[in-house]
>>> print(open('entry-v6.pdb').read())   # PDB, C-alpha atoms and all ligand atoms
ATOM      1  CA  MET U   1     -17.272  21.951  22.400
ATOM      2  CA  SER U   2     -13.876  23.194  21.295
ATOM      3  CA  SER U   3     -12.383  26.320  22.709
ATOM      4  CA  ALA U   4      -9.199  28.410  22.666
ATOM      5  CA  THR U   5      -7.934  31.600  24.272
ATOM      6  CA  ALA U   6      -5.589  34.090  22.617
ATOM      7  CA  LEU U   7      -3.801  37.254  23.646
ATOM      8  CA  ALA U   8      -3.140  40.081  21.213
ATOM      9  CA  HIS U   9      -1.800  43.609  21.490
ATOM     10  CA  PRO U  10      -2.921  46.755  19.686
ATOM     11  CA  ASN U  11      -0.560  48.269  17.164
ATOM     12  CA  ILE U  12       0.024  51.867  16.168
ATOM     13  CA  ALA U  13       0.964  52.857  12.666
ATOM     14  CA  LEU U  14       4.029  55.037  12.083
ATOM     15  CA  ILE U  15       2.991  55.242   8.430
ATOM     16  CA  LYS U  16      -0.792  55.302   8.504
ATOM     17  CA  TYR U  17      -3.619  53.666   6.659
ATOM     18  CA  TRP U  18      -6.615  55.924   5.947
ATOM     19  CA  GLY U  19      -8.975  55.152   3.063
ATOM     20  CA  LYS U  20     -10.193  52.053   1.295
ATOM     21  CA  ARG U  21      -9.701  50.751  -2.220
ATOM     22  CA  ASP U  22     -12.578  48.296  -1.738
ATOM     23  CA  GLU U  23     -15.077  48.941   1.013
ATOM     24  CA  GLY U  24     -16.856  45.569   0.792
ATOM     25  CA  ALA U  25     -13.632  43.553   1.069
ATOM     26  CA  ASN U  26     -12.194  46.107   3.520
ATOM     27  CA  LEU U  27      -9.066  46.572   1.406
ATOM     28  CA  PRO U  28      -6.945  49.614   2.292
ATOM     29  CA  ALA U  29      -6.146  52.319  -0.263
ATOM     30  CA  VAL U  30      -2.573  52.498   1.028
ATOM     31  CA  GLY U  31      -0.096  50.249   2.829
ATOM     32  CA  SER U  32       1.054  50.928   6.371
ATOM     33  CA  LEU U  33       3.859  50.281   8.830
ATOM     34  CA  SER U  34       3.130  49.703  12.501
ATOM     35  CA  VAL U  35       4.609  48.771  15.827
ATOM     36  CA  THR U  36       2.886  46.275  18.124
ATOM     37  CA  LEU U  37       2.588  47.478  21.743
ATOM     38  CA  ASP U  38       3.184  45.161  24.693
ATOM     39  CA  ALA U  39       1.622  47.403  27.354
ATOM     40  CA  LEU U  40      -1.989  47.039  26.176
ATOM     41  CA  ARG U  41      -3.694  43.718  25.618
ATOM     42  CA  THR U  42      -6.857  41.928  24.583
ATOM     43  CA  ARG U  43      -7.660  38.445  25.883
ATOM     44  CA  THR U  44     -10.280  36.534  23.910
ATOM     45  CA  THR U  45     -11.806  33.096  24.368
ATOM     46  CA  VAL U  46     -13.735  31.535  21.494
ATOM     47  CA  SER U  47     -15.844  28.409  22.119
ATOM     48  CA  PHE U  48     -17.699  26.667  19.300
ATOM     49  CA  GLU U  49     -20.783  24.958  20.684
ATOM     50  CA  ALA U  50     -23.196  22.697  18.846
ATOM     51  CA  ASP U  51     -26.333  24.018  20.593
ATOM     52  CA  LEU U  52     -25.869  27.752  19.829
ATOM     53  CA  ALA U  53     -28.300  29.355  17.348
ATOM     54  CA  ARG U  54     -26.005  32.313  16.580
ATOM     55  CA  ASP U  55     -22.626  33.770  17.485
ATOM     56  CA  GLU U  56     -22.569  35.589  20.817
ATOM     57  CA  LEU U  57     -20.123  38.247  21.996
ATOM     58  CA  VAL U  58     -19.486  39.486  25.513
ATOM     59  CA  LEU U  59     -17.049  42.419  25.359
ATOM     60  CA  ASN U  60     -15.616  43.724  28.638
ATOM     61  CA  GLY U  61     -18.375  41.890  30.522
ATOM     62  CA  GLU U  62     -21.301  43.213  28.430
ATOM     63  CA  THR U  63     -23.251  41.872  25.477
ATOM     64  CA  ALA U  64     -21.993  43.793  22.454
ATOM     65  CA  ALA U  65     -24.837  43.824  19.927
ATOM     66  CA  ALA U  66     -23.258  46.574  17.799
ATOM     67  CA  GLU U  67     -20.302  44.324  16.947
ATOM     68  CA  GLN U  68     -22.498  41.357  16.031
ATOM     69  CA  THR U  69     -22.353  41.719  12.229
ATOM     70  CA  ARG U  70     -18.586  42.182  11.986
ATOM     71  CA  LEU U  71     -17.988  39.393  14.469
ATOM     72  CA  ALA U  72     -20.215  36.979  12.563
ATOM     73  CA  ARG U  73     -18.516  37.825   9.250
ATOM     74  CA  CYS U  74     -15.094  37.036  10.732
ATOM     75  CA  LEU U  75     -16.321  33.804  12.252
ATOM     76  CA  ASP U  76     -18.050  32.879   8.975
ATOM     77  CA  ALA U  77     -14.696  33.210   7.190
ATOM     78  CA  LEU U  78     -13.067  30.927   9.774
ATOM     79  CA  ARG U  79     -15.928  28.406   9.550
ATOM     80  CA  GLN U  80     -15.517  28.370   5.784
ATOM     81  CA  LEU U  81     -11.776  27.671   6.043
ATOM     82  CA  ALA U  82     -12.405  24.869   8.542
ATOM     83  CA  GLY U  83     -15.581  23.435   6.969
ATOM     84  CA  SER U  84     -17.525  23.951  10.202
ATOM     85  CA  ARG U  85     -21.116  25.073  10.829
ATOM     86  CA  GLU U  86     -21.030  25.591  14.597
ATOM     87  CA  PHE U  87     -21.662  28.988  16.148
ATOM     88  CA  ALA U  88     -19.372  30.443  18.788
ATOM     89  CA  ARG U  89     -19.515  32.090  22.167
ATOM     90  CA  VAL U  90     -16.857  34.819  22.391
ATOM     91  CA  HIS U  91     -15.599  36.484  25.567
ATOM     92  CA  SER U  92     -13.189  39.351  25.016
ATOM     93  CA  ASP U  93     -11.602  41.719  27.523
ATOM     94  CA  ASN U  94      -9.381  44.732  27.007
ATOM     95  CA  ASP U  95      -7.169  46.101  29.770
ATOM     96  CA  PHE U  96      -7.431  49.594  28.187
ATOM     97  CA  PRO U  97     -10.230  51.919  26.897
ATOM     98  CA  THR U  98     -12.220  50.342  24.040
ATOM     99  CA  GLY U  99     -13.026  52.271  20.840
ATOM    100  CA  ALA U 100     -11.106  55.355  21.988
ATOM    101  CA  GLY U 101      -8.241  55.588  19.484
ATOM    102  CA  LEU U 102      -6.095  52.904  21.118
ATOM    103  CA  ALA U 103      -6.583  50.298  18.377
ATOM    104  CA  SER U 104      -8.842  48.006  20.382
ATOM    105  CA  SER U 105     -10.373  46.719  17.147
ATOM    106  CA  ALA U 106      -6.917  45.674  15.890
ATOM    107  CA  SER U 107      -6.046  43.646  18.990
ATOM    108  CA  GLY U 108      -9.639  42.449  19.325
ATOM    109  CA  TYR U 109      -9.940  41.025  15.824
ATOM    110  CA  ALA U 110      -6.397  39.606  15.869
ATOM    111  CA  ALA U 111      -7.149  37.754  19.124
ATOM    112  CA  LEU U 112     -10.555  36.602  17.840
ATOM    113  CA  THR U 113      -9.053  35.284  14.602
ATOM    114  CA  VAL U 114      -6.227  33.347  16.240
ATOM    115  CA  ALA U 115      -8.379  31.903  19.047
ATOM    116  CA  GLY U 116     -11.193  31.015  16.629
ATOM    117  CA  ALA U 117      -8.760  29.378  14.192
ATOM    118  CA  MET U 118      -7.187  27.278  16.945
ATOM    119  CA  ALA U 119     -10.575  26.211  18.303
ATOM    120  CA  LEU U 120     -11.551  25.057  14.795
ATOM    121  CA  GLY U 121      -8.352  23.056  14.362
ATOM    122  CA  LEU U 122      -6.748  25.485  11.900
ATOM    123  CA  ASP U 123      -3.090  26.518  12.118
ATOM    124  CA  PRO U 124      -3.016  29.811  14.079
ATOM    125  CA  ALA U 125       0.031  30.848  12.003
ATOM    126  CA  ASP U 126      -1.763  30.302   8.643
ATOM    127  CA  ALA U 127      -1.210  33.423   6.475
ATOM    128  CA  ARG U 128      -4.862  33.193   5.335
ATOM    129  CA  LEU U 129      -5.832  34.435   8.799
ATOM    130  CA  GLU U 130      -4.637  37.926   7.774
ATOM    131  CA  ALA U 131      -7.631  38.217   5.449
ATOM    132  CA  VAL U 132      -9.960  36.982   8.201
ATOM    133  CA  ALA U 133      -8.668  39.563  10.706
ATOM    134  CA  ARG U 134      -8.973  42.266   8.033
ATOM    135  CA  ILE U 135     -12.735  41.694   7.821
ATOM    136  CA  GLY U 136     -12.916  42.969  11.405
ATOM    137  CA  SER U 137     -10.542  45.889  11.054
ATOM    138  CA  GLY U 138      -8.112  47.049   8.373
ATOM    139  CA  SER U 139      -5.324  47.346  10.932
ATOM    140  CA  ALA U 140      -6.011  44.012  12.682
ATOM    141  CA  PRO U 141      -3.755  41.849  10.443
ATOM    142  CA  ARG U 142      -0.778  43.893  11.712
ATOM    143  CA  SER U 143      -1.514  42.768  15.306
ATOM    144  CA  LEU U 144      -1.072  39.133  14.268
ATOM    145  CA  TYR U 145       2.667  39.899  14.261
ATOM    146  CA  GLY U 146       5.107  41.465  16.712
ATOM    147  CA  GLY U 147       7.608  44.313  16.443
ATOM    148  CA  PHE U 148       7.630  46.414  13.261
ATOM    149  CA  VAL U 149       5.053  45.180  10.750
ATOM    150  CA  LEU U 150       4.547  46.221   7.130
ATOM    151  CA  LEU U 151       1.125  45.789   5.543
ATOM    152  CA  GLU U 152       1.326  45.932   1.756
ATOM    153  CA  ASN U 153      -1.331  45.939  -0.892
ATOM    154  CA  THR U 154      -1.136  43.036  -3.328
ATOM    155  CA  ALA U 155      -3.052  42.527  -6.583
ATOM    156  CA  SER U 156      -5.906  40.698  -4.866
ATOM    157  CA  GLY U 157      -5.627  41.669  -1.190
ATOM    158  CA  THR U 158      -3.013  42.531   1.399
ATOM    159  CA  ARG U 159       0.020  40.839   2.886
ATOM    160  CA  CYS U 160       1.841  41.502   6.160
ATOM    161  CA  LYS U 161       5.592  41.305   6.574
ATOM    162  CA  PRO U 162       7.133  41.460  10.036
ATOM    163  CA  LEU U 163      10.217  43.638   9.397
ATOM    164  CA  LEU U 164      12.009  43.752  12.761
ATOM    165  CA  ALA U 165      11.406  41.797  15.961
ATOM    166  CA  PRO U 166      11.044  43.877  19.160
ATOM    167  CA  ALA U 167      14.607  43.078  20.265
ATOM    168  CA  GLU U 168      16.049  44.229  16.922
ATOM    169  CA  TRP U 169      15.127  47.857  17.635
ATOM    170  CA  PRO U 170      13.652  48.037  21.139
ATOM    171  CA  LEU U 171      11.799  51.331  21.010
ATOM    172  CA  ASN U 172       9.539  52.376  23.888
ATOM    173  CA  VAL U 173       6.060  53.883  23.604
ATOM    174  CA  VAL U 174       4.440  56.186  26.162
ATOM    175  CA  VAL U 175       0.693  56.561  25.618
ATOM    176  CA  ALA U 176      -0.870  59.699  27.083
ATOM    177  CA  VAL U 177      -4.503  58.801  27.778
ATOM    178  CA  THR U 178      -6.534  61.995  27.432
ATOM    179  CA  THR U 179     -10.035  60.507  27.633
ATOM    180  CA  GLU U 180     -11.585  57.140  28.414
ATOM    181  CA  ALA U 181     -14.618  57.947  26.232
ATOM    182  CA  GLY U 182     -15.355  56.281  22.901
ATOM    183  CA  LYS U 183     -14.993  58.253  19.676
ATOM    184  CA  ALA U 184     -17.922  59.823  17.845
ATOM    185  CA  THR U 185     -16.969  58.611  14.352
ATOM    186  CA  SER U 186     -15.325  55.234  13.798
ATOM    187  CA  SER U 187     -12.251  54.976  11.576
ATOM    188  CA  ARG U 188     -14.225  52.724   9.301
ATOM    189  CA  ASP U 189     -16.915  55.345   8.608
ATOM    190  CA  GLY U 190     -14.581  58.331   8.817
ATOM    191  CA  MET U 191     -12.197  57.162   6.133
ATOM    192  CA  VAL U 192     -15.029  56.541   3.682
ATOM    193  CA  ASP U 193     -16.269  60.111   4.275
ATOM    194  CA  SER U 194     -12.708  61.387   3.701
ATOM    195  CA  GLU U 195     -12.468  59.689   0.336
ATOM    196  CA  ARG U 196     -15.767  61.232  -0.757
ATOM    197  CA  THR U 197     -15.231  64.753   0.513
ATOM    198  CA  SER U 198     -11.651  65.760   1.395
ATOM    199  CA  PRO U 199      -9.752  67.657  -1.318
ATOM    200  CA  TYR U 200      -6.567  66.309   0.286
ATOM    201  CA  TYR U 201      -7.516  62.656  -0.018
ATOM    202  CA  ALA U 202      -6.056  62.180  -3.531
ATOM    203  CA  PRO U 203      -2.670  63.781  -2.647
ATOM    204  CA  TRP U 204      -2.601  61.659   0.539
ATOM    205  CA  VAL U 205      -2.900  58.463  -1.510
ATOM    206  CA  GLU U 206      -0.470  59.718  -4.184
ATOM    207  CA  THR U 207       2.305  60.688  -1.770
ATOM    208  CA  HIS U 208       1.892  57.663   0.478
ATOM    209  CA  PRO U 209       4.049  55.053  -1.319
ATOM    210  CA  ALA U 210       7.095  57.340  -1.052
ATOM    211  CA  ASP U 211       6.561  57.653   2.727
ATOM    212  CA  LEU U 212       6.299  53.901   3.091
ATOM    213  CA  ALA U 213       9.421  53.234   1.022
ATOM    214  CA  ARG U 214      11.408  55.837   2.955
ATOM    215  CA  ALA U 215      10.244  54.428   6.286
ATOM    216  CA  ARG U 216      11.596  51.013   5.314
ATOM    217  CA  THR U 217      14.981  52.525   4.480
ATOM    218  CA  LEU U 218      15.083  54.468   7.762
ATOM    219  CA  LEU U 219      14.055  51.383   9.702
ATOM    220  CA  ALA U 220      16.800  49.281   8.119
ATOM    221  CA  ALA U 221      19.311  51.999   9.100
ATOM    222  CA  ARG U 222      17.795  52.381  12.619
ATOM    223  CA  ASP U 223      17.669  56.123  11.813
ATOM    224  CA  PHE U 224      15.538  57.410  14.705
ATOM    225  CA  ASP U 225      15.646  61.107  13.767
ATOM    226  CA  GLY U 226      14.716  60.402  10.172
ATOM    227  CA  LEU U 227      11.849  58.145  11.233
ATOM    228  CA  ALA U 228      10.690  60.736  13.776
ATOM    229  CA  ASP U 229      10.399  63.459  11.090
ATOM    230  CA  LEU U 230       8.697  61.135   8.640
ATOM    231  CA  ALA U 231       6.228  59.564  11.097
ATOM    232  CA  GLU U 232       5.078  62.960  12.404
ATOM    233  CA  HIS U 233       4.727  64.258   8.849
ATOM    234  CA  ASN U 234       2.710  61.220   7.770
ATOM    235  CA  CYS U 235       0.495  61.499  10.854
ATOM    236  CA  LEU U 236      -0.163  65.190  10.225
ATOM    237  CA  LYS U 237      -0.962  64.503   6.566
ATOM    238  CA  MET U 238      -3.582  61.975   7.672
ATOM    239  CA  HIS U 239      -5.050  64.478  10.142
ATOM    240  CA  ALA U 240      -5.100  67.122   7.397
ATOM    241  CA  VAL U 241      -7.294  64.740   5.402
ATOM    242  CA  MET U 242      -9.484  64.092   8.463
ATOM    243  CA  LEU U 243      -9.856  67.816   9.247
ATOM    244  CA  THR U 244     -10.868  68.609   5.672
ATOM    245  CA  THR U 245     -13.465  65.840   5.528
ATOM    246  CA  GLN U 246     -17.107  66.958   5.496
ATOM    247  CA  PRO U 247     -18.402  66.849   8.187
ATOM    248  CA  PRO U 248     -14.939  67.436   9.724
ATOM    249  CA  LEU U 249     -13.184  64.729  11.700
ATOM    250  CA  LEU U 250     -11.498  66.620  14.518
ATOM    251  CA  TYR U 251     -10.265  63.829  16.752
ATOM    252  CA  TRP U 252      -7.983  66.025  18.888
ATOM    253  CA  LEU U 253      -8.713  67.631  22.234
ATOM    254  CA  PRO U 254      -6.830  70.698  23.513
ATOM    255  CA  VAL U 255      -4.714  68.315  25.624
ATOM    256  CA  THR U 256      -3.771  66.365  22.471
ATOM    257  CA  LEU U 257      -2.218  69.504  21.004
ATOM    258  CA  ALA U 258      -0.537  70.351  24.323
ATOM    259  CA  CYS U 259       1.127  66.909  24.328
ATOM    260  CA  MET U 260       2.266  67.354  20.719
ATOM    261  CA  GLN U 261       3.879  70.678  21.648
ATOM    262  CA  VAL U 262       5.627  69.177  24.665
ATOM    263  CA  ILE U 263       7.025  66.361  22.514
ATOM    264  CA  THR U 264       8.173  68.822  19.835
ATOM    265  CA  GLU U 265       9.966  70.853  22.502
ATOM    266  CA  LEU U 266      11.593  67.728  23.990
ATOM    267  CA  ARG U 267      12.910  66.794  20.578
ATOM    268  CA  ARG U 268      14.205  70.318  20.001
ATOM    269  CA  GLN U 269      16.190  69.830  23.228
ATOM    270  CA  GLY U 270      17.676  66.620  21.821
ATOM    271  CA  VAL U 271      15.416  64.006  23.472
ATOM    272  CA  PRO U 272      14.838  61.142  20.974
ATOM    273  CA  VAL U 273      11.031  61.091  20.852
ATOM    274  CA  PHE U 274       8.236  61.693  18.352
ATOM    275  CA  TYR U 275       4.449  61.608  18.445
ATOM    276  CA  THR U 276       1.790  59.824  16.495
ATOM    277  CA  ILE U 277      -2.005  60.123  16.839
ATOM    278  CA  ASP U 278      -4.774  57.988  15.368
ATOM    279  CA  ALA U 279      -8.549  58.424  15.127
ATOM    280  CA  GLY U 280      -8.873  59.690  18.682
ATOM    281  CA  PRO U 281      -7.319  62.190  21.090
ATOM    282  CA  GLN U 282      -4.723  59.891  22.697
ATOM    283  CA  VAL U 283      -1.079  60.748  22.014
ATOM    284  CA  LYS U 284       1.478  58.008  21.483
ATOM    285  CA  ALA U 285       5.064  59.094  22.110
ATOM    286  CA  VAL U 286       7.611  56.768  20.519
ATOM    287  CA  CYS U 287      11.111  57.061  21.974
ATOM    288  CA  LEU U 288      14.462  55.407  22.484
ATOM    289  CA  PRO U 289      14.513  53.493  25.818
ATOM    290  CA  GLU U 290      16.890  55.959  27.490
ATOM    291  CA  ALA U 291      14.375  58.773  26.920
ATOM    292  CA  ALA U 292      11.308  56.973  28.340
ATOM    293  CA  ASP U 293      11.540  58.422  31.858
ATOM    294  CA  ALA U 294      11.976  62.007  30.639
ATOM    295  CA  VAL U 295       9.108  61.601  28.166
ATOM    296  CA  ALA U 296       6.809  60.136  30.837
ATOM    297  CA  GLU U 297       7.687  62.912  33.258
ATOM    298  CA  ALA U 298       6.996  65.636  30.703
ATOM    299  CA  LEU U 299       3.709  64.131  29.457
ATOM    300  CA  GLY U 300       2.530  63.303  32.975
ATOM    301  CA  ALA U 301       2.803  66.995  33.831
ATOM    302  CA  VAL U 302       0.532  68.137  30.969
ATOM    303  CA  PRO U 303      -2.823  69.289  32.449
ATOM    304  CA  GLY U 304      -5.591  67.017  31.153
ATOM    305  CA  VAL U 305      -3.472  63.878  30.744
ATOM    306  CA  LEU U 306      -5.442  61.299  32.752
ATOM    307  CA  ARG U 307      -2.755  58.652  32.934
ATOM    308  CA  LEU U 308       0.197  57.236  31.068
ATOM    309  CA  ILE U 309       0.678  53.721  29.731
ATOM    310  CA  THR U 310       4.359  53.016  29.156
ATOM    311  CA  GLY U 311       5.662  49.949  27.400
ATOM    312  CA  GLN U 312       7.853  48.337  24.813
ATOM    313  CA  LEU U 313       7.241  46.671  21.483
ATOM    314  CA  GLY U 314       5.127  43.534  21.797
ATOM    315  CA  GLU U 315       4.731  40.082  20.316
ATOM    316  CA  GLY U 316       2.125  39.005  17.813
ATOM    317  CA  ALA U 317      -1.216  37.377  18.668
ATOM    318  CA  ARG U 318      -0.753  34.016  20.344
ATOM    319  CA  ILE U 319      -2.646  31.117  21.891
ATOM    320  CA  VAL U 320      -2.464  30.890  25.676
ATOM    321  CA  ASP U 321      -4.985  28.108  26.272
ATOM    322  CA  ALA U 322      -6.701  25.526  24.087
ATOM    323  CA  ASP U 323      -9.149  22.745  24.681
ATOM    324  CA  ALA U 324     -10.014  21.433  21.233
TER     325      ALA U 324
HETATM  326  O1  LIG U 401      -8.283  49.454  11.246
HETATM  327  P1  LIG U 401      -9.178  50.625  11.451
HETATM  328  O2  LIG U 401     -10.411  50.547  10.630
HETATM  329  O3  LIG U 401      -9.487  50.840  12.907
HETATM  330  O4  LIG U 401      -8.387  51.938  10.955
HETATM  331  C1  LIG U 401      -7.158  52.352  11.493
HETATM  332  C2  LIG U 401      -6.891  53.761  11.137
HETATM  333  C3  LIG U 401      -5.763  54.455  11.904
HETATM  334  O5  LIG U 401      -5.608  53.910  13.184
HETATM  335  C4  LIG U 401      -6.137  55.920  12.048
HETATM  336  C5  LIG U 401      -4.449  54.384  11.132
HETATM  337  C6  LIG U 401      -3.735  53.043  11.148
HETATM  338  O6  LIG U 401      -3.065  52.719  10.155
HETATM  339  O7  LIG U 401      -3.803  52.343  12.173
END
>>> encode(input="entry-v6.pdb", output="structure tokens", more="lines below")
Ligand code: PMV
Amino acid sequence: MSSATALAHPNIALIKYWGKRDEGANLPAVGSLSVTLDALRTRTTVSFEADLARDELVLNGETAAAEQTRLARCLDALRQLAGSREFARVHSDNDFPTGAGLASSASGYAALTVAGAMALGLDPADARLEAVARIGSGSAPRSLYGGFVLLENTASGTRCKPLLAPAEWPLNVVVAVTTEAGKATSSRDGMVDSERTSPYYAPWVETHPADLARARTLLAARDFDGLADLAEHNCLKMHAVMLTTQPPLLYWLPVTLACMQVITELRRQGVPVFYTIDAGPQVKAVCLPEAADAVAEALGAVPGVLRLITGQLGEGARIVDADA
């Protein structure tokens, strides 16, 4: 038996990915730019065992049959790279709500990929692991890296570039948890519906490269206000596509909107903070460190906010234990 354990953090995109250019290969229609979050984490142990008849996953203490196909496809890709035929037992735990718009699939598949690679004797820093993680989730390759991460389309796939380490622009993120429940429509299914049915999908894809290029310029200049305007705009464009999908993808709750309004008001008063929201009702407030307390106080007072998770930018996926 050979086994390894990895930690990985979710990431949130400031410039979002929504839509696929190749569904089978899970290739995104657009690039994206994310930050990795240190306050949330997935811990995953992968053990390859000669006597297993199939891959097995225990997620947060329960057998997760629904994930079986994706899991096996990721592990197949690793087995192919390593020339192995052994199946694996996978134990994965999240210290935050799973499948609820907090990017648990990103941290989950990043941790799985790195732990599985290590257990098979592959280099956990091998760039080919990005394509393996992407089988699990389009945003998972970004969680292989820490800080600010760019995911770009290339001719045949995608490539990640870590742009700034956490210490190079130490932003804080306050997550307002508004529900612990899972979402009704996964990102994976939702974005395919958007491409088929939203009249705003084509303009979303067309205007996206300019957002990504501008975000890189603003990041290089550490221009918080510029990035705040752009990230909120890009987030709202994505939600405009979601809302105009048929059937509609309305991921927000009333409390989501209340948090957005509070953050807008804080910024009007000069507090350096902006919001971003993914395929779920949780609100992520990104701020300069000196604003974190004021942001947490304001969001904590919004009726319907269940709890806050406050943290900094995190490291990429990494091995914490190996027994190969
Ligand atoms: O990686 P997926 O399939 O969970 O899709 C992620 C989609 C968003 O979170 C809404 C945007 C993004 O870029 O993370």
>>> residues_near_ligand(input="entry-v6.pdb", ligand="ligand LIG 401 (chain U)", cutoff="6 Å", atoms="all atoms listed in the file", output="list of chain:residue names")
U:Ile12, U:Ala13, U:Lys16, U:Tyr17, U:Trp18, U:Ser32, U:Ser105, U:Ser137, U:Gly138, U:Ser139, U:Ser187, U:Arg188, U:Asp278, U:Ala279
>>> resolve_selection(input="entry-v6.pdb", expression="the PyMOL selection byres (((chain U and resi 240) around 10) and not hetatm)", output="PyMOL selection string")
chain U and resi 198-201+204+234-239+241-245+249-250
>>> write_last_selection(input="entry-v6.pdb", atoms="C-alpha atoms", output="mmCIF file, in the coordinates of the input")
data_model
loop_
_atom_site.group_PDB
_atom_site.id
_atom_site.type_symbol
_atom_site.label_atom_id
_atom_site.label_comp_id
_atom_site.auth_asym_id
_atom_site.auth_seq_id
_atom_site.Cartn_x
_atom_site.Cartn_y
_atom_site.Cartn_z
ATOM 1 C CA SER U 198 -11.651 65.760 1.395
ATOM 2 C CA PRO U 199 -9.752 67.657 -1.318
ATOM 3 C CA TYR U 200 -6.567 66.309 0.286
ATOM 4 C CA TYR U 201 -7.516 62.656 -0.018
ATOM 5 C CA TRP U 204 -2.601 61.659 0.539
ATOM 6 C CA ASN U 234 2.710 61.220 7.770
ATOM 7 C CA CYS U 235 0.495 61.499 10.854
ATOM 8 C CA LEU U 236 -0.163 65.190 10.225
ATOM 9 C CA LYS U 237 -0.962 64.503 6.566
ATOM 10 C CA MET U 238 -3.582 61.975 7.672
ATOM 11 C CA HIS U 239 -5.050 64.478 10.142
ATOM 12 C CA VAL U 241 -7.294 64.740 5.402
ATOM 13 C CA MET U 242 -9.484 64.092 8.463
ATOM 14 C CA LEU U 243 -9.856 67.816 9.247
ATOM 15 C CA THR U 244 -10.868 68.609 5.672
ATOM 16 C CA THR U 245 -13.465 65.840 5.528
ATOM 17 C CA LEU U 249 -13.184 64.729 11.700
ATOM 18 C CA LEU U 250 -11.498 66.620 14.518
#
>>> closest_residue(input="entry-v6.pdb", among="U:Ala110, U:Ala119, U:Val58, U:Ile263", to="Ala285 in chain U", atoms="only C-alpha atoms")
U:Ile263
>>> resolve_selection(input="entry-v6.pdb", expression="the PyMOL selection byres (((chain U and resi 142) around 8) and not hetatm)", output="list in words")
Asn11, Ser34, Thr36, Ala106, Ser139, Ala140, Pro141, Ser143, Leu144, Tyr145, Val149, Leu150, Leu151 and Cys160 of chain U
>>> closest_residue(input="entry-v6.pdb", among="U:Ala6, U:Leu78, U:Ala296, U:Ala231", to="Ala322 in chain U", atoms="only C-alpha atoms")
U:Ala6
>>> resolve_selection(input="entry-v6.pdb", expression="the PyMOL selection byres (((chain U and resi 170) around 9) and not hetatm)", output="PDB file with C-alpha atoms, keeping the file's coordinate frame")
ATOM      1  CA  GLY U 147       7.608  44.313  16.443  1.00  0.00           C
ATOM      2  CA  ALA U 165      11.406  41.797  15.961  1.00  0.00           C
ATOM      3  CA  PRO U 166      11.044  43.877  19.160  1.00  0.00           C
ATOM      4  CA  ALA U 167      14.607  43.078  20.265  1.00  0.00           C
ATOM      5  CA  GLU U 168      16.049  44.229  16.922  1.00  0.00           C
ATOM      6  CA  TRP U 169      15.127  47.857  17.635  1.00  0.00           C
ATOM      7  CA  LEU U 171      11.799  51.331  21.010  1.00  0.00           C
ATOM      8  CA  ASN U 172       9.539  52.376  23.888  1.00  0.00           C
ATOM      9  CA  LEU U 288      14.462  55.407  22.484  1.00  0.00           C
ATOM     10  CA  PRO U 289      14.513  53.493  25.818  1.00  0.00           C
ATOM     11  CA  GLN U 312       7.853  48.337  24.813  1.00  0.00           C
ATOM     12  CA  LEU U 313       7.241  46.671  21.483  1.00  0.00           C
TER      13      LEU U 313
END
>>> atom_distance(input="entry-v6.pdb", atom1="CA of Asp189 in chain U", atom2="CA of Ala317 in chain U")
25.9 Å
>>> closest_residue(input="entry-v6.pdb", among="U:Cys259, U:Arg21, U:Leu266, U:Ala184", to="Ala301 in chain U", atoms="all atoms listed in the file")
U:Cys259
>>> residues_around(input="entry-v6.pdb", residues="Ser107 in chain U", least_positions_apart="4", cutoff="12 Å", atoms="only C-alpha atoms", output="JSON, numbers by chain")
{"U": [6, 7, 8, 9, 10, 11, 12, 36, 37, 38, 39, 40, 41, 42, 43, 44, 92, 93, 94, 95, 96, 98, 99, 102, 103, 111, 112, 113, 114, 115, 133, 134, 136, 137, 138, 139, 140, 141, 142, 143, 144, 145, 146, 314, 315, 316, 317, 318]}
>>> closest_residue(input="entry-v6.pdb", among="U:Gly116, U:Gly61, U:Gly108, U:Gly83", to="Ile319 in chain U", atoms="only C-alpha atoms")
U:Gly116
>>> residues_around(input="entry-v6.pdb", residues="Ala131 in chain U", least_positions_apart="2", cutoff="9 Å", atoms="only C-alpha atoms", output="PyMOL selection string")
chain U and resi 77+127-129+133-135+141+157-159
>>> residues_near_point(input="entry-v6.pdb", point="(5.3, 65.3, 32.5)", cutoff="12 Å", atoms="all atoms listed in the file", output="PyMOL selection string")
chain U and resi 174+176+258-259+262-263+266+292-308
>>> residues_around(input="entry-v6.pdb", residues="Asp76 in chain U", least_positions_apart="5", cutoff="12 Å", atoms="only C-alpha atoms", output="short mmCIF file (atom, residue, chain, number, x, y, z; two decimals) with C-alpha atoms, in the frame of the given file")
data_model
loop_
_atom_site.label_atom_id
_atom_site.label_comp_id
_atom_site.auth_asym_id
_atom_site.auth_seq_id
_atom_site.Cartn_x
_atom_site.Cartn_y
_atom_site.Cartn_z
CA ARG U 54 -26.00 32.31 16.58
CA ASP U 55 -22.63 33.77 17.48
CA GLN U 68 -22.50 41.36 16.03
CA THR U 69 -22.35 41.72 12.23
CA ARG U 70 -18.59 42.18 11.99
CA LEU U 71 -17.99 39.39 14.47
CA LEU U 81 -11.78 27.67 6.04
CA ALA U 82 -12.40 24.87 8.54
CA GLY U 83 -15.58 23.44 6.97
CA SER U 84 -17.52 23.95 10.20
CA ARG U 85 -21.12 25.07 10.83
CA GLU U 86 -21.03 25.59 14.60
CA PHE U 87 -21.66 28.99 16.15
CA ALA U 88 -19.37 30.44 18.79
CA THR U 113 -9.05 35.28 14.60
CA GLY U 116 -11.19 31.02 16.63
CA ALA U 117 -8.76 29.38 14.19
CA LEU U 120 -11.55 25.06 14.80
CA VAL U 132 -9.96 36.98 8.20
CA ALA U 133 -8.67 39.56 10.71
CA ILE U 135 -12.74 41.69 7.82
CA GLY U 136 -12.92 42.97 11.40
#
